[in-house]
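J.: One structure is given below, represented as structure tokens, and several questions about it will come after.
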There are 2 protein chains.
Amino acid sequence: MSQAEDSRDALGILQQDSRLLADYFKQILSRYPDAPPRLMESIEYSLMAGGKRLRPALVLECCRACGGDRQALTSALASAAAMELIHTFSLVHDDLPAMDNDDLRRGRPTNHKVFGDAMAILAGDAMTTMAFQVLATDTAAPVAAALVRELSSASGPEGMIGGQVLDMEGENISLSLEQLQRLHRMKTGALLKASCRMGAIAAGANEKQLSAVTDYGRHLGLAFQIVDDVLDVTSTPEQMGKATGKDAAKGKNTYPVLLGLDPSKREAAIQLQAGIQALAPLGPAADGLRSLARFVVEREN
Amino acid sequence: MSQAEDSRDALGILQQDSRLLADYFKQILSRYPDAPPRLMESIEYSLMAGGKRLRPALVLECCRACGGDRQALTSALASAAAMELIHTFSLVHDDLPAMDNDDLRRGRPTNHKVFGDAMAILAGDAMTTMAFQVLATDTAAPVAAALVRELSSASGPEGMIGGQVLDMEGENISLSLEQLQRLHRMKTGALLKASCRMGAIAAGANEKQLSAVTDYGRHLGLAFQIVDDVLDVTSTPEQMGKATGKDAAKGKNTYPVLLGLDPSKREAAIQLQAGIQALAPLGPAADGLRSLARFVVEREN
């Protein structure tokens, strides 16, 4: 399969799953008729801003790759929404003046620039509780608790939030490659891996399948972050929809700084291959996941 | 039973349950050996600061009042911890400069004064994910999802967080009594009612029992908030362990402002009686809940 076809496949998957998710988000947002309207506007503003929706696509594709039936896909869609709610909350809080102080996100003013700092904090908080509510409400009973465990542990002190703390503490301090990898394994890797695992859990996957998507998710997470660091150096703000060159300006540790630009690109390619190799036990059912992995490494924003 | 005896009973319950909870929190905090130490310090600082632990006691007492056995009490303890994690996260975020900008909480500097705004935001975020993690990990399988639903819906856009938005939006605007009641039903009432319901759910309560503690929790929540408003007028910062007189200074809507001080106290007494009446179907098993209700209305901080 040529690169162009691959890329079209990945884009097709992302677009199809984005549409599924957008419809579902509209339905979720309509479940809170008694909530303060301005709060719901603030949540909707960030939730419906688009983005690649990579994590939800990973959840849904991993469910499909593990042979999930129609009911499994319902649980996977709820998991995909919960995952995107957590990811979006983290962006809203990350952009706050007390944190990264960013004005631009996905080509638009950040949440706190539009709704104020207090509302952005509360909207982020609300998205977290909504994530667990949708998981406990819309997934099948036998997998609900396992999905809550997966998402909460990937988001918490040893996952995404812990990684954000390491990121903050690491500014203007030189990290070793091992420390940088730990930071990213927590900050971005944990949610990407959990996306894959939640799809498999929703599908009722066996140990072999769960292990395959877990390995795939781990390599993909690493590749994703390396490419993210590389793009911060090589892209324009127009391409990215957010400020670029900020890592260097803030004295952040990145792969290009530690390894150099070309070795970073090579490392991303190695992780891509390892991720694709991990999918071997799943056969052709995992072709969508293979396309998504290539897309992650070859993307330009 | 005299007031003094009642009050001793309630204090006995609160002290006993606080000890149970403190031991359990220590165990929960030890589950994150790979988290950044400073994050865990920040979480521990606010979580172990004490406070009355009213919500956890309500969870545990409602479980006992509904005849919960030993296994049920294990689920109730996990629910109590999850509830207190959510309550504590809300205090940490509420105290932030972008929100209420408070320097003092439970007699000590607020979290952000000690750890900085960014860490306080992240510690609050982490406490939320930890709450749902403990619920999904330490409760019995048949009740886990129901408990997650209860806690998440009580915390979210139509519960506590929605109430905080209404509170913020209502500053320097005169609210009607109905609007004020709605605000408090969401901001503080939702978690207090959910505490009661989670205890009953953990116990495997029947419809009649669940309905009794739900009514009790609703009246208690209203009484609690009226007394809180009254104490902000009549108490000293030393008694409260936090700044007082701030409601008036910030132009917040309170019961004393809308009704006057004495009618507010009478309304609290009416809610207390209604709450105690709701417990009738539970018989003597609910004596602890009766004591807690009297304590809530008669407390001085």
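Ligands are numbered from 1 in the order shown, chains are lettered A, B, ... in the order of the structure tokens, and residues start at 1 in each chain.
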Would you give me, as a ChimeraX atom specification, the residues of chain B that come within 8 Å of chain A, using only C-alpha atoms?

T.: /B:32,34-36,39-40,93,98-99,117-119,121-122,125-130,132-133,136-137,141,144-146,148-149,152-153,155-159,161-162,165-166

J.: I'd like the neighbourhood of Asp247 (chain A) as a PDB file with C-alpha atoms, in the first residue's frame, where a residue qualifies if any of its atoms comes within 10 Å (using only C-alpha atoms), though same-chain residues fewer than 3 positions away should be ignored.

T.:
ATOM      1  CA  GLU A 171      11.533  23.675  32.624  1.00  0.00           C
ATOM      2  CA  ASP A 229       8.611  17.918  19.568  1.00  0.00           C
ATOM      3  CA  ASP A 232       7.387  22.454  17.323  1.00  0.00           C
ATOM      4  CA  VAL A 233      10.790  23.164  15.737  1.00  0.00           C
ATOM      5  CA  ALA A 243       2.143  28.814  18.908  1.00  0.00           C
ATOM      6  CA  THR A 244       5.326  26.994  17.809  1.00  0.00           C
ATOM      7  CA  LYS A 250      10.506  28.070  27.626  1.00  0.00           C
ATOM      8  CA  GLY A 251      13.640  25.992  28.065  1.00  0.00           C
ATOM      9  CA  LYS A 252      11.639  22.771  27.758  1.00  0.00           C
ATOM     10  CA  ASN A 253      13.374  19.479  27.290  1.00  0.00           C
ATOM     11  CA  THR A 254      12.589  17.948  23.904  1.00  0.00           C
ATOM     12  CA  VAL A 257      17.318  19.278  21.961  1.00  0.00           C
TER      13      VAL A 257
END

J.: Would you list the contacts of Cys66 (chain A) as an MDAnalysis selection string, taking every protein, DNA or RNA residue within 8 Å and counting only C-alpha atoms, but skipping same-chain residues closer than 3 positions in sequence?

T.: chainID A and resid 62:63 200 203:205 209 282 285

J.: Give the answer as one residue: which of B:Ile173, B:Leu85, B:Leu91, B:Ile270 has the shortest atom-to-atom distance to Ala223 (chain B), using only C-alpha atoms?

T.: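 Using only C-alpha atoms, the shortest distance to Ala223 (chain B) belongs to B:Ile270.
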
J.: Determine which residues of region 55-224 of chain A receive a DSSP assignment of strand (DSSP E), computed from the backbone, and state them as a list in words.

T.: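 Answer for region 55-224 of chain A, restricted to strand (DSSP E): Leu104, Arg105, Arg108 and Pro109 of chain A.
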
J.: I'd like to know which residues of region 34-239 of chain A are helix (DSSP H, G or I) (by DSSP, run on the backbone); could you write them as JSON, numbers by chain?

T.: {"A": [37, 38, 39, 40, 41, 42, 43, 44, 45, 46, 47, 54, 55, 56, 57, 58, 59, 60, 61, 62, 63, 64, 65, 70, 71, 72, 73, 74, 75, 76, 77, 78, 79, 80, 81, 82, 83, 84, 85, 86, 87, 88, 89, 90, 91, 92, 93, 94, 111, 112, 113, 114, 115, 117, 118, 119, 120, 121, 122, 123, 124, 125, 126, 127, 128, 129, 130, 131, 132, 133, 134, 135, 136, 137, 138, 141, 142, 143, 144, 145, 146, 147, 148, 149, 150, 151, 152, 153, 154, 155, 160, 161, 162, 163, 164, 165, 166, 167, 168, 169, 170, 177, 178, 179, 180, 181, 182, 183, 184, 185, 186, 187, 188, 189, 190, 191, 192, 193, 194, 195, 196, 197, 198, 199, 200, 201, 202, 207, 208, 209, 210, 211, 212, 213, 214, 215, 216, 217, 218, 219, 220, 221, 222, 223, 224, 225, 226, 227, 228, 229, 230, 231, 232, 233, 234, 237, 238, 239]}

J.: Take the selection from the previous step and output its residues with C-alpha atoms, as a compact mmCIF listing (two decimals), in the first residue's frame.

T.:
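Final file, part-v5.txt:
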# COMPACT_ATOMS: atom_id res chain seq x y z
CA PRO A 37 -25.73 28.01 30.16
CA ARG A 38 -22.40 29.86 30.23
CA LEU A 39 -20.67 26.80 31.70
CA MET A 40 -22.07 24.58 28.96
CA GLU A 41 -20.99 27.12 26.32
CA SER A 42 -17.48 27.07 27.71
CA ILE A 43 -17.39 23.26 27.68
CA GLU A 44 -18.85 23.11 24.17
CA TYR A 45 -16.41 25.73 22.92
CA SER A 46 -13.42 23.54 23.71
CA LEU A 47 -15.04 20.16 23.14
CA LEU A 54 -6.72 10.78 17.48
CA ARG A 55 -7.49 9.27 20.89
CA PRO A 56 -11.17 8.55 20.14
CA ALA A 57 -10.16 6.99 16.81
CA LEU A 58 -7.67 4.76 18.63
CA VAL A 59 -10.38 3.61 21.06
CA LEU A 60 -12.80 2.78 18.25
CA GLU A 61 -10.20 1.19 15.97
CA CYS A 62 -8.79 -0.96 18.77
CA CYS A 63 -12.32 -2.14 19.53
CA ARG A 64 -12.80 -3.05 15.85
CA ALA A 65 -9.36 -4.69 15.65
CA ARG A 70 -22.26 -3.69 17.92
CA GLN A 71 -22.75 -3.53 21.70
CA ALA A 72 -18.99 -3.38 22.22
CA LEU A 73 -18.81 -0.42 19.84
CA THR A 74 -21.39 1.41 21.99
CA SER A 75 -19.12 0.98 25.01
CA ALA A 76 -16.16 2.00 22.87
CA LEU A 77 -17.90 5.18 21.71
CA ALA A 78 -18.62 6.13 25.33
CA SER A 79 -14.97 5.40 26.12
CA ALA A 80 -13.85 7.51 23.16
CA ALA A 81 -15.96 10.43 24.38
CA ALA A 82 -14.71 10.05 27.95
CA MET A 83 -11.13 9.98 26.71
CA GLU A 84 -11.61 13.13 24.61
CA LEU A 85 -13.30 14.88 27.54
CA ILE A 86 -10.25 14.15 29.71
CA HIS A 87 -7.83 15.18 26.95
CA THR A 88 -9.76 18.41 26.35
CA PHE A 89 -9.96 19.27 30.06
CA SER A 90 -6.17 18.86 30.25
CA LEU A 91 -5.67 21.28 27.34
CA VAL A 92 -7.99 23.88 28.89
CA HIS A 93 -6.17 23.76 32.24
CA ASP A 94 -2.74 23.55 30.55
CA ASN A 111 -10.92 28.88 26.62
CA HIS A 112 -9.83 31.29 29.37
CA LYS A 113 -9.29 34.08 26.82
CA VAL A 114 -12.97 33.80 25.88
CA PHE A 115 -14.64 32.78 29.15
CA ASP A 117 -9.85 32.01 34.07
CA ALA A 118 -12.44 30.98 36.65
CA MET A 119 -14.84 29.57 34.07
CA ALA A 120 -12.00 27.77 32.28
CA ILE A 121 -10.98 26.09 35.54
CA LEU A 122 -14.59 25.06 36.24
CA ALA A 123 -15.23 23.93 32.66
CA GLY A 124 -12.15 21.71 32.86
CA ASP A 125 -13.30 20.34 36.21
CA ALA A 126 -16.75 19.64 34.79
CA MET A 127 -15.37 17.83 31.75
CA THR A 128 -13.56 15.44 34.10
CA THR A 129 -16.70 14.52 36.01
CA MET A 130 -18.64 14.24 32.73
CA ALA A 131 -16.04 11.79 31.42
CA PHE A 132 -16.61 9.40 34.30
CA GLN A 133 -20.34 9.95 34.18
CA VAL A 134 -20.56 8.94 30.52
CA LEU A 135 -18.37 5.90 31.20
CA ALA A 136 -20.55 4.73 34.07
CA THR A 137 -23.79 5.48 32.21
CA ASP A 138 -23.28 4.43 28.59
CA ALA A 141 -22.21 -3.31 32.92
CA PRO A 142 -19.47 -5.99 32.79
CA VAL A 143 -16.82 -3.55 31.48
CA ALA A 144 -17.86 -0.25 33.12
CA ALA A 145 -15.68 -0.47 36.23
CA ALA A 146 -12.64 -1.69 34.27
CA LEU A 147 -12.99 1.27 31.89
CA VAL A 148 -13.23 3.73 34.80
CA ARG A 149 -10.12 2.17 36.34
CA GLU A 150 -8.22 2.44 33.06
CA LEU A 151 -9.11 6.08 32.40
CA SER A 152 -8.64 7.28 35.96
CA SER A 153 -5.27 5.62 36.43
CA ALA A 154 -4.00 6.91 33.06
CA SER A 155 -5.10 10.47 33.94
CA MET A 160 -1.13 12.51 32.53
CA ILE A 161 -1.36 14.86 35.51
CA GLY A 162 1.84 13.49 37.01
CA GLY A 163 3.48 14.06 33.63
CA GLN A 164 2.32 17.66 33.56
CA VAL A 165 3.96 18.18 36.95
CA LEU A 166 7.22 16.67 35.66
CA ASP A 167 6.99 18.89 32.58
CA MET A 168 6.54 21.99 34.74
CA GLU A 169 9.34 21.00 37.11
CA GLY A 170 11.64 20.20 34.19
CA LEU A 177 16.91 11.00 27.86
CA GLU A 178 15.55 8.53 30.40
CA GLN A 179 13.89 11.31 32.40
CA LEU A 180 12.42 12.83 29.25
CA GLN A 181 11.00 9.45 28.22
CA ARG A 182 9.42 9.02 31.66
CA LEU A 183 7.88 12.48 31.41
CA HIS A 184 6.32 11.73 28.04
CA ARG A 185 5.29 8.21 28.96
CA MET A 186 3.20 9.87 31.67
CA LYS A 187 2.14 13.17 30.07
CA THR A 188 0.98 11.97 26.67
CA GLY A 189 1.81 8.27 26.52
CA ALA A 190 -0.51 7.18 29.32
CA LEU A 191 -3.68 8.47 27.63
CA LEU A 192 -2.69 7.16 24.19
CA LYS A 193 -1.99 3.71 25.61
CA ALA A 194 -5.20 3.81 27.66
CA SER A 195 -7.16 4.75 24.52
CA CYS A 196 -5.98 1.53 22.91
CA ARG A 197 -6.61 -0.56 26.00
CA MET A 198 -10.11 0.86 26.55
CA GLY A 199 -11.08 -0.06 23.00
CA ALA A 200 -9.85 -3.60 23.60
CA ILE A 201 -11.58 -3.83 27.00
CA ALA A 202 -14.84 -2.61 25.45
CA GLU A 207 -5.08 -11.43 26.91
CA LYS A 208 -3.19 -11.77 23.62
CA GLN A 209 -5.24 -9.03 21.95
CA LEU A 210 -5.01 -6.72 24.96
CA SER A 211 -1.28 -7.22 25.13
CA ALA A 212 -0.88 -6.46 21.40
CA VAL A 213 -2.78 -3.15 21.53
CA THR A 214 -1.02 -2.21 24.78
CA ASP A 215 2.39 -2.58 23.11
CA TYR A 216 1.14 -0.79 20.01
CA GLY A 217 -0.17 2.07 22.18
CA ARG A 218 3.10 2.39 24.07
CA HIS A 219 5.22 2.67 20.92
CA LEU A 220 2.67 4.97 19.28
CA GLY A 221 2.70 7.26 22.32
CA LEU A 222 6.46 7.62 22.16
CA ALA A 223 6.43 8.21 18.38
CA PHE A 224 3.65 10.78 18.79
CA GLN A 225 5.60 12.82 21.31
CA ILE A 226 8.85 12.75 19.36
CA VAL A 227 6.99 13.98 16.26
CA ASP A 228 5.25 16.64 18.37
CA ASP A 229 8.61 17.92 19.57
CA VAL A 230 10.00 17.87 16.02
CA LEU A 231 6.98 19.77 14.66
CA ASP A 232 7.39 22.45 17.32
CA VAL A 233 10.79 23.16 15.74
CA THR A 234 9.96 22.71 12.05
CA PRO A 237 1.92 28.49 13.86
CA GLU A 238 -0.42 28.47 10.84
CA GLN A 239 0.22 24.76 10.27
